[in-house]
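Reproduced below: entry_18.cif, with mmCIF, C-alpha atoms and all ligand atoms.
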data_data
#
loop_
_atom_site.label_atom_id
_atom_site.label_comp_id
_atom_site.auth_asym_id
_atom_site.auth_seq_id
_atom_site.Cartn_x
_atom_site.Cartn_y
_atom_site.Cartn_z
CA MET A 1 0.00 0.00 0.00
CA HIS A 2 1.20 3.51 -0.80
CA GLN A 3 2.57 5.31 2.28
CA LYS A 4 -0.02 8.09 2.16
CA GLU A 5 -2.90 5.62 1.91
CA HIS A 6 -1.45 3.74 4.87
CA TRP A 7 -1.32 6.81 7.08
CA GLU A 8 -4.72 8.14 6.02
CA LYS A 9 -6.26 4.78 6.89
CA VAL A 10 -4.53 4.72 10.29
CA TYR A 11 -5.88 8.14 11.28
CA GLU A 12 -9.32 7.51 9.75
CA THR A 13 -9.79 4.26 11.66
CA LYS A 14 -8.06 4.87 15.01
CA ALA A 15 -8.57 7.49 17.66
CA ALA A 16 -5.58 9.83 18.00
CA ASP A 17 -5.03 8.66 21.59
CA ALA A 18 -5.14 4.95 20.65
CA VAL A 19 -2.16 4.82 18.28
CA SER A 20 1.01 3.24 19.67
CA TRP A 21 3.02 6.48 19.47
CA PHE A 22 0.44 8.54 21.41
CA GLN A 23 1.74 10.73 24.21
CA GLU A 24 -0.61 12.76 26.37
CA HIS A 25 2.22 15.30 26.43
CA ALA A 26 5.39 15.17 24.36
CA GLY A 27 7.35 16.06 27.49
CA LEU A 28 10.90 15.42 26.36
CA SER A 29 10.31 17.14 23.00
CA LEU A 30 8.88 20.17 24.77
CA ASP A 31 11.77 20.25 27.25
CA LEU A 32 14.34 20.06 24.44
CA ILE A 33 12.59 22.83 22.49
CA LYS A 34 12.43 25.08 25.56
CA ALA A 35 16.08 24.30 26.40
CA THR A 36 17.19 25.72 23.03
CA GLY A 37 16.47 29.11 24.53
CA ALA A 38 14.76 30.16 21.30
CA ALA A 39 12.42 33.14 21.58
CA ARG A 40 8.65 32.66 21.65
CA ASP A 41 8.45 34.00 18.08
CA ALA A 42 11.02 31.45 16.81
CA ALA A 43 9.85 29.52 13.74
CA ILE A 44 9.23 25.90 14.75
CA ILE A 45 8.24 23.02 12.46
CA ASP A 46 7.00 19.66 13.72
CA VAL A 47 7.70 17.27 10.84
CA GLY A 48 5.37 14.30 10.68
CA GLY A 49 3.59 15.86 13.62
CA GLY A 50 0.47 13.81 12.86
CA ALA A 51 -2.10 14.35 15.57
CA SER A 52 0.58 14.91 18.25
CA THR A 53 -0.30 17.10 21.22
CA LEU A 54 3.10 18.83 20.99
CA VAL A 55 1.55 21.69 19.03
CA ASP A 56 -1.08 22.25 21.77
CA ASP A 57 1.64 22.55 24.39
CA LEU A 58 3.74 24.85 22.20
CA VAL A 59 0.73 27.13 21.72
CA ALA A 60 0.08 27.04 25.48
CA GLU A 61 3.73 27.96 26.13
CA GLY A 62 3.28 31.06 23.97
CA TYR A 63 5.17 30.03 20.81
CA THR A 64 3.63 31.96 17.94
CA ASP A 65 5.27 30.76 14.69
CA LEU A 66 4.31 27.10 14.46
CA THR A 67 4.09 24.75 11.47
CA VAL A 68 2.92 21.14 11.52
CA LEU A 69 3.70 19.05 8.42
CA ASP A 70 2.33 15.57 7.80
CA LEU A 71 1.61 13.19 4.94
CA SER A 72 -1.88 12.54 6.28
CA ALA A 73 -4.75 15.01 5.90
CA ALA A 74 -6.74 12.98 8.44
CA ALA A 75 -3.98 13.40 11.04
CA LEU A 76 -3.82 17.15 10.53
CA SER A 77 -7.64 17.39 10.71
CA ALA A 78 -7.63 15.55 14.05
CA ALA A 79 -5.05 17.97 15.47
CA ARG A 80 -6.93 21.00 14.11
CA ARG A 81 -10.24 19.82 15.56
CA ARG A 82 -8.62 19.28 18.95
CA LEU A 83 -7.03 22.75 18.94
CA GLY A 84 -10.35 24.39 18.07
CA ALA A 85 -10.10 28.18 17.82
CA ARG A 86 -6.32 28.04 18.33
CA GLU A 87 -5.75 26.08 15.09
CA GLY A 88 -5.81 29.29 13.04
CA GLY A 89 -2.50 30.37 14.56
CA VAL A 90 -0.70 27.31 13.19
CA ARG A 91 0.43 26.62 9.60
CA TRP A 92 -0.61 23.14 8.44
CA ILE A 93 1.22 21.51 5.53
CA GLU A 94 0.04 18.24 4.00
CA ALA A 95 3.14 16.89 2.26
CA ASP A 96 5.73 14.15 2.02
CA ILE A 97 8.90 15.30 3.77
CA THR A 98 11.07 13.48 1.23
CA SER A 99 9.76 15.60 -1.66
CA VAL A 100 8.35 18.82 -0.17
CA ASP A 101 9.85 22.16 -1.11
CA LEU A 102 10.10 24.17 2.12
CA PRO A 103 11.20 27.80 2.20
CA ALA A 104 14.95 28.33 2.52
CA SER A 105 16.39 29.25 5.95
CA ARG A 106 12.89 29.54 7.40
CA TYR A 107 12.99 27.54 10.63
CA ASP A 108 14.77 28.09 13.93
CA ILE A 109 13.74 24.68 15.26
CA TRP A 110 13.07 21.44 13.38
CA HIS A 111 11.35 18.70 15.41
CA ASP A 112 10.64 15.13 14.29
CA ARG A 113 9.50 12.31 16.55
CA ALA A 114 9.10 8.92 14.90
CA VAL A 115 9.18 9.92 11.23
CA PHE A 116 12.83 9.72 10.09
CA HIS A 117 12.95 6.08 11.20
CA PHE A 118 10.42 5.15 8.47
CA LEU A 119 12.92 6.19 5.79
CA THR A 120 14.43 2.82 4.94
CA ASP A 121 15.66 3.97 1.50
CA PRO A 122 19.01 5.83 1.71
CA ALA A 123 17.85 8.17 -1.08
CA ASP A 124 14.85 9.26 1.04
CA ARG A 125 17.10 9.87 4.04
CA ALA A 126 19.46 11.95 1.90
CA ALA A 127 16.52 13.99 0.56
CA TYR A 128 15.26 14.55 4.14
CA VAL A 129 18.68 15.74 5.34
CA ARG A 130 19.00 18.08 2.33
CA THR A 131 15.62 19.60 3.25
CA VAL A 132 16.68 20.08 6.89
CA PHE A 133 19.89 21.77 5.75
CA GLN A 134 18.20 24.15 3.35
CA SER A 135 15.12 25.06 5.42
CA VAL A 136 16.71 25.38 8.90
CA LYS A 137 18.47 28.68 9.54
CA PRO A 138 22.25 28.61 9.96
CA GLY A 139 22.82 27.87 13.65
CA GLY A 140 19.26 26.53 13.97
CA HIS A 141 18.20 23.65 16.20
CA VAL A 142 17.34 20.14 15.01
CA ILE A 143 15.63 17.62 17.32
CA VAL A 144 15.05 14.17 15.84
CA ALA A 145 13.74 11.14 17.74
CA THR A 146 13.68 7.61 16.32
CA PHE A 147 13.46 4.10 17.66
CA ALA A 148 16.72 3.28 19.44
CA GLU A 149 18.98 0.32 18.65
CA ASP A 150 16.96 -1.76 21.13
CA GLY A 151 13.60 -0.41 19.92
CA PRO A 152 10.96 -2.25 17.87
CA VAL A 153 11.64 -3.33 14.28
CA GLN A 154 8.27 -2.07 13.08
CA CYS A 155 6.05 0.93 13.75
CA SER A 156 2.43 1.07 12.61
CA GLY A 157 3.08 -2.25 10.82
CA LEU A 158 5.82 -0.70 8.67
CA PRO A 159 9.53 -1.58 8.80
CA VAL A 160 11.74 1.01 10.47
CA MET A 161 15.41 1.80 10.95
CA ARG A 162 16.77 1.71 14.51
CA TYR A 163 19.61 3.95 15.58
CA ARG A 164 22.19 4.56 18.26
CA ALA A 165 22.71 8.29 18.80
CA ASP A 166 26.02 8.31 16.89
CA GLU A 167 24.44 6.42 13.98
CA LEU A 168 21.53 8.85 13.82
CA HIS A 169 23.93 11.78 13.87
CA ASP A 170 26.01 10.15 11.10
CA GLU A 171 22.92 10.26 8.85
CA PHE A 172 23.00 14.05 9.18
CA GLY A 173 26.75 14.46 8.88
CA GLU A 174 29.20 17.19 9.73
CA ALA A 175 26.84 20.00 8.76
CA PHE A 176 25.06 19.28 12.06
CA THR A 177 26.79 19.31 15.45
CA LEU A 178 25.45 16.80 17.95
CA LEU A 179 25.02 18.62 21.28
CA LYS A 180 22.93 16.19 23.27
CA HIS A 181 21.30 12.80 23.02
CA GLN A 182 18.95 11.00 25.33
CA LYS A 183 17.02 7.77 25.40
CA GLU A 184 13.37 7.54 26.40
CA GLU A 185 11.16 4.61 27.28
CA HIS A 186 7.81 5.16 25.62
CA HIS A 187 4.82 3.34 27.10
CA THR A 188 2.22 2.70 24.42
CA PRO A 189 -1.52 2.91 25.16
CA SER A 190 -1.63 -0.93 25.01
CA GLY A 191 1.12 -1.24 27.63
CA MET A 192 4.15 -2.02 25.44
CA VAL A 193 7.50 -0.38 26.11
CA GLN A 194 9.44 1.13 23.21
CA GLN A 195 12.96 2.55 23.37
CA PHE A 196 13.46 5.88 21.60
CA VAL A 197 16.61 7.93 21.10
CA TYR A 198 16.47 11.73 20.81
CA CYS A 199 19.29 13.66 19.15
CA TYR A 200 19.62 17.41 19.51
CA CYS A 201 21.89 19.02 16.92
CA ARG A 202 22.65 22.47 15.63
CA ARG A 203 23.03 23.24 11.95
CA ILE A 204 26.42 24.76 11.24
CA SER A 205 26.43 28.50 10.66
CA SER A 206 27.80 28.62 7.12
C1 LIG B 301 4.60 7.29 14.26
S1 LIG B 301 3.73 8.69 13.75
C2 LIG B 301 4.41 9.97 14.81
C3 LIG B 301 3.52 11.18 14.89
C4 LIG B 301 4.04 12.28 15.81
N1 LIG B 301 5.33 12.76 15.40
C5 LIG B 301 4.06 11.84 17.24
O1 LIG B 301 5.14 11.72 17.83
O2 LIG B 301 2.96 11.64 17.79
C6 LIG B 301 4.49 9.04 12.19
C7 LIG B 301 3.87 10.22 11.47
O3 LIG B 301 4.66 10.53 10.34
C8 LIG B 301 3.83 10.78 9.23
N2 LIG B 301 4.64 10.45 8.06
C9 LIG B 301 5.09 9.22 7.68
N3 LIG B 301 5.85 9.33 6.58
C10 LIG B 301 5.89 10.65 6.27
C11 LIG B 301 6.51 11.40 5.23
N4 LIG B 301 7.26 10.79 4.29
N5 LIG B 301 6.32 12.73 5.19
C12 LIG B 301 5.57 13.35 6.15
N6 LIG B 301 4.96 12.70 7.15
C13 LIG B 301 5.12 11.36 7.21
C14 LIG B 301 2.62 9.89 9.46
O4 LIG B 301 1.48 10.35 8.77
C15 LIG B 301 2.47 9.96 10.98
O5 LIG B 301 1.64 11.02 11.37
#
Transcribe the structure of this file into structure tokens.
Amino acid sequence: MHQKEHWEKVYETKAADAVSWFQEHAGLSLDLIKATGAARDAAIIDVGGGASTLVDDLVAEGYTDLTVLDLSAAALSAARRRLGAREGGVRWIEADITSVDLPASRYDIWHDRAVFHFLTDPADRAAYVRTVFQSVKPGGHVIVATFAEDGPVQCSGLPVMRYRADELHDEFGEAFTLLKHQKEEHHTPSGMVQQFVYCYCRRISS
């Protein structure tokens, strides 16, 4: 099945809080974003944000320049419905991150939880990294979380890549400086435990 069809079906048939990756609050993501020290008007993009509650918490924290990008229209609709009147303050982009054309040097913070690990084709990973490099401002912050080396081999029934922090950073290369990495045990709504790794990098200035 085509990737987009897969994700539309997931979000059309499951409640947003029933999917395995659901978090009531994306606590570590929020902490890492706040720890960048970026101003409340910093441009933040949540790539493959799906129906994540991260955007709700960013709005509540006073961040004003927010973009959520996802392949699935159904996922974005679920997030917009949940946000209600506050959804108008967020930019919503329905697109594939491996082929989207994002504005150059637009974002101060790039966030991705559980999307990069679906890119099993090296060409897709290279396209993703090129997009991060061209759309994140020089010196900007990049937070990417994937399944860790001891995480599951599938997510949403699809094969995934698993990474140690150094391996994940290697995918991005020398144009990104790894400043911090952290593992997290995610407890799924059905009671499974999944190991994630979060990498926090900065894009080089030139
Ligand atoms: C496992 S979910 C994670 C959602 C969210 N980041 C979270 O932590 O709750 C993966 C998300 O990535 C989206 N996705 C998968 N492949 C994508 C792609 N190539 N481009 C954009 N979004 C994609 C899916 O629609 C889905 O919402």
Using atom CA of Ala15 of chain A and atom CA of Arg86 of chain A as the two end points, give the distance in Å to one decimal.
->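 For atom CA of Ala15 of chain A relative to atom CA of Arg86 of chain A, the distance reads 20.7 Å.
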Return as a PyMOL selection string the residues of protein, DNA or RNA that approach ligand LIG 301 (chain B) to within 9 Å, with all atoms listed in the file taken into account.
-> chain A and resi 3-4+6-8+10-11+16+19-23+26+46-54+69-76+94-100+111-119+124+128+145+155-156
Given all atoms listed in the file as the counted atoms, nearest of A:Val197, A:Ala43, A:Val129, A:Leu83 to Arg162 of chain A =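 Nearest candidate to Arg162 of chain A out of A:Val197, A:Ala43, A:Val129, A:Leu83: A:Val197.
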Give me, as CSV, the closest atom pair and its distance (Å, one decimal) for every residue of segment 75-147 of chain A within a cut-off of 6 Å of segment 64-67 of chain A, counting all atoms listed in the file, rows sorted by chain and rising number.
residue,atom,partner,partner_atom,distance
A:Val90,CA,A:Leu66,CA,5.2
A:Arg91,CA,A:Thr67,CA,4.5
A:Trp92,CA,A:Thr67,CA,5.8
Please identify all polymer residues within 8 Å of segment 27-37 of chain A, counting only C-alpha atoms, omitting same-chain residues fewer than 3 positions from it, and present them as a compact mmCIF listing (two decimals) with C-alpha atoms, in the frame of the given file.
# COMPACT_ATOMS: atom_id res chain seq x y z
CA LEU A 54 3.10 18.83 20.99
CA ASP A 57 1.64 22.55 24.39
CA LEU A 58 3.74 24.85 22.20
CA ILE A 109 13.74 24.68 15.26
CA HIS A 111 11.35 18.70 15.41
CA HIS A 141 18.20 23.65 16.20
CA ILE A 143 15.63 17.62 17.32
CA TYR A 200 19.62 17.41 19.51
Let me have the centre and edge lengths in Å, one decimal, of the box along x, y and z around every listed atom of segment 175-182 of chain A with 4 Å of margin on each side, as JSON.
{"center_x": 22.9, "center_y": 15.5, "center_z": 17.0, "size_x": 15.9, "size_y": 17.0, "size_z": 24.6}
Tell me, as a PyMOL selection string, which residues lie within 9 Å of Arg164 of chain A, counting all atoms listed in the file; anything in the same chain fewer than 6 positions away does not count.
-> chain A and resi 147-150+197
Residues as selected, C-alpha atoms, written as an mmCIF file, in the coordinates of the input, can you do that?
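Output file out.cif follows:
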data_model
loop_
_atom_site.group_PDB
_atom_site.id
_atom_site.type_symbol
_atom_site.label_atom_id
_atom_site.label_comp_id
_atom_site.auth_asym_id
_atom_site.auth_seq_id
_atom_site.Cartn_x
_atom_site.Cartn_y
_atom_site.Cartn_z
ATOM 1 C CA PHE A 147 13.460 4.100 17.660
ATOM 2 C CA ALA A 148 16.720 3.280 19.440
ATOM 3 C CA GLU A 149 18.980 0.320 18.650
ATOM 4 C CA ASP A 150 16.960 -1.760 21.130
ATOM 5 C CA VAL A 197 16.610 7.930 21.100
#
How far is it from atom CA of Arg202 of chain A to atom CA of Gly89 of chain A, in Å with one decimal?
->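 We find that atom CA of Arg202 of chain A and atom CA of Gly89 of chain A lie 26.4 Å from each other.
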Which value, in Å to one decimal, gives the distance between atom CA of Leu178 of chain A and atom CA of Gly139 of chain A?
->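 According to the coordinates, atom CA of Leu178 of chain A and atom CA of Gly139 of chain A are separated by 12.2 Å.
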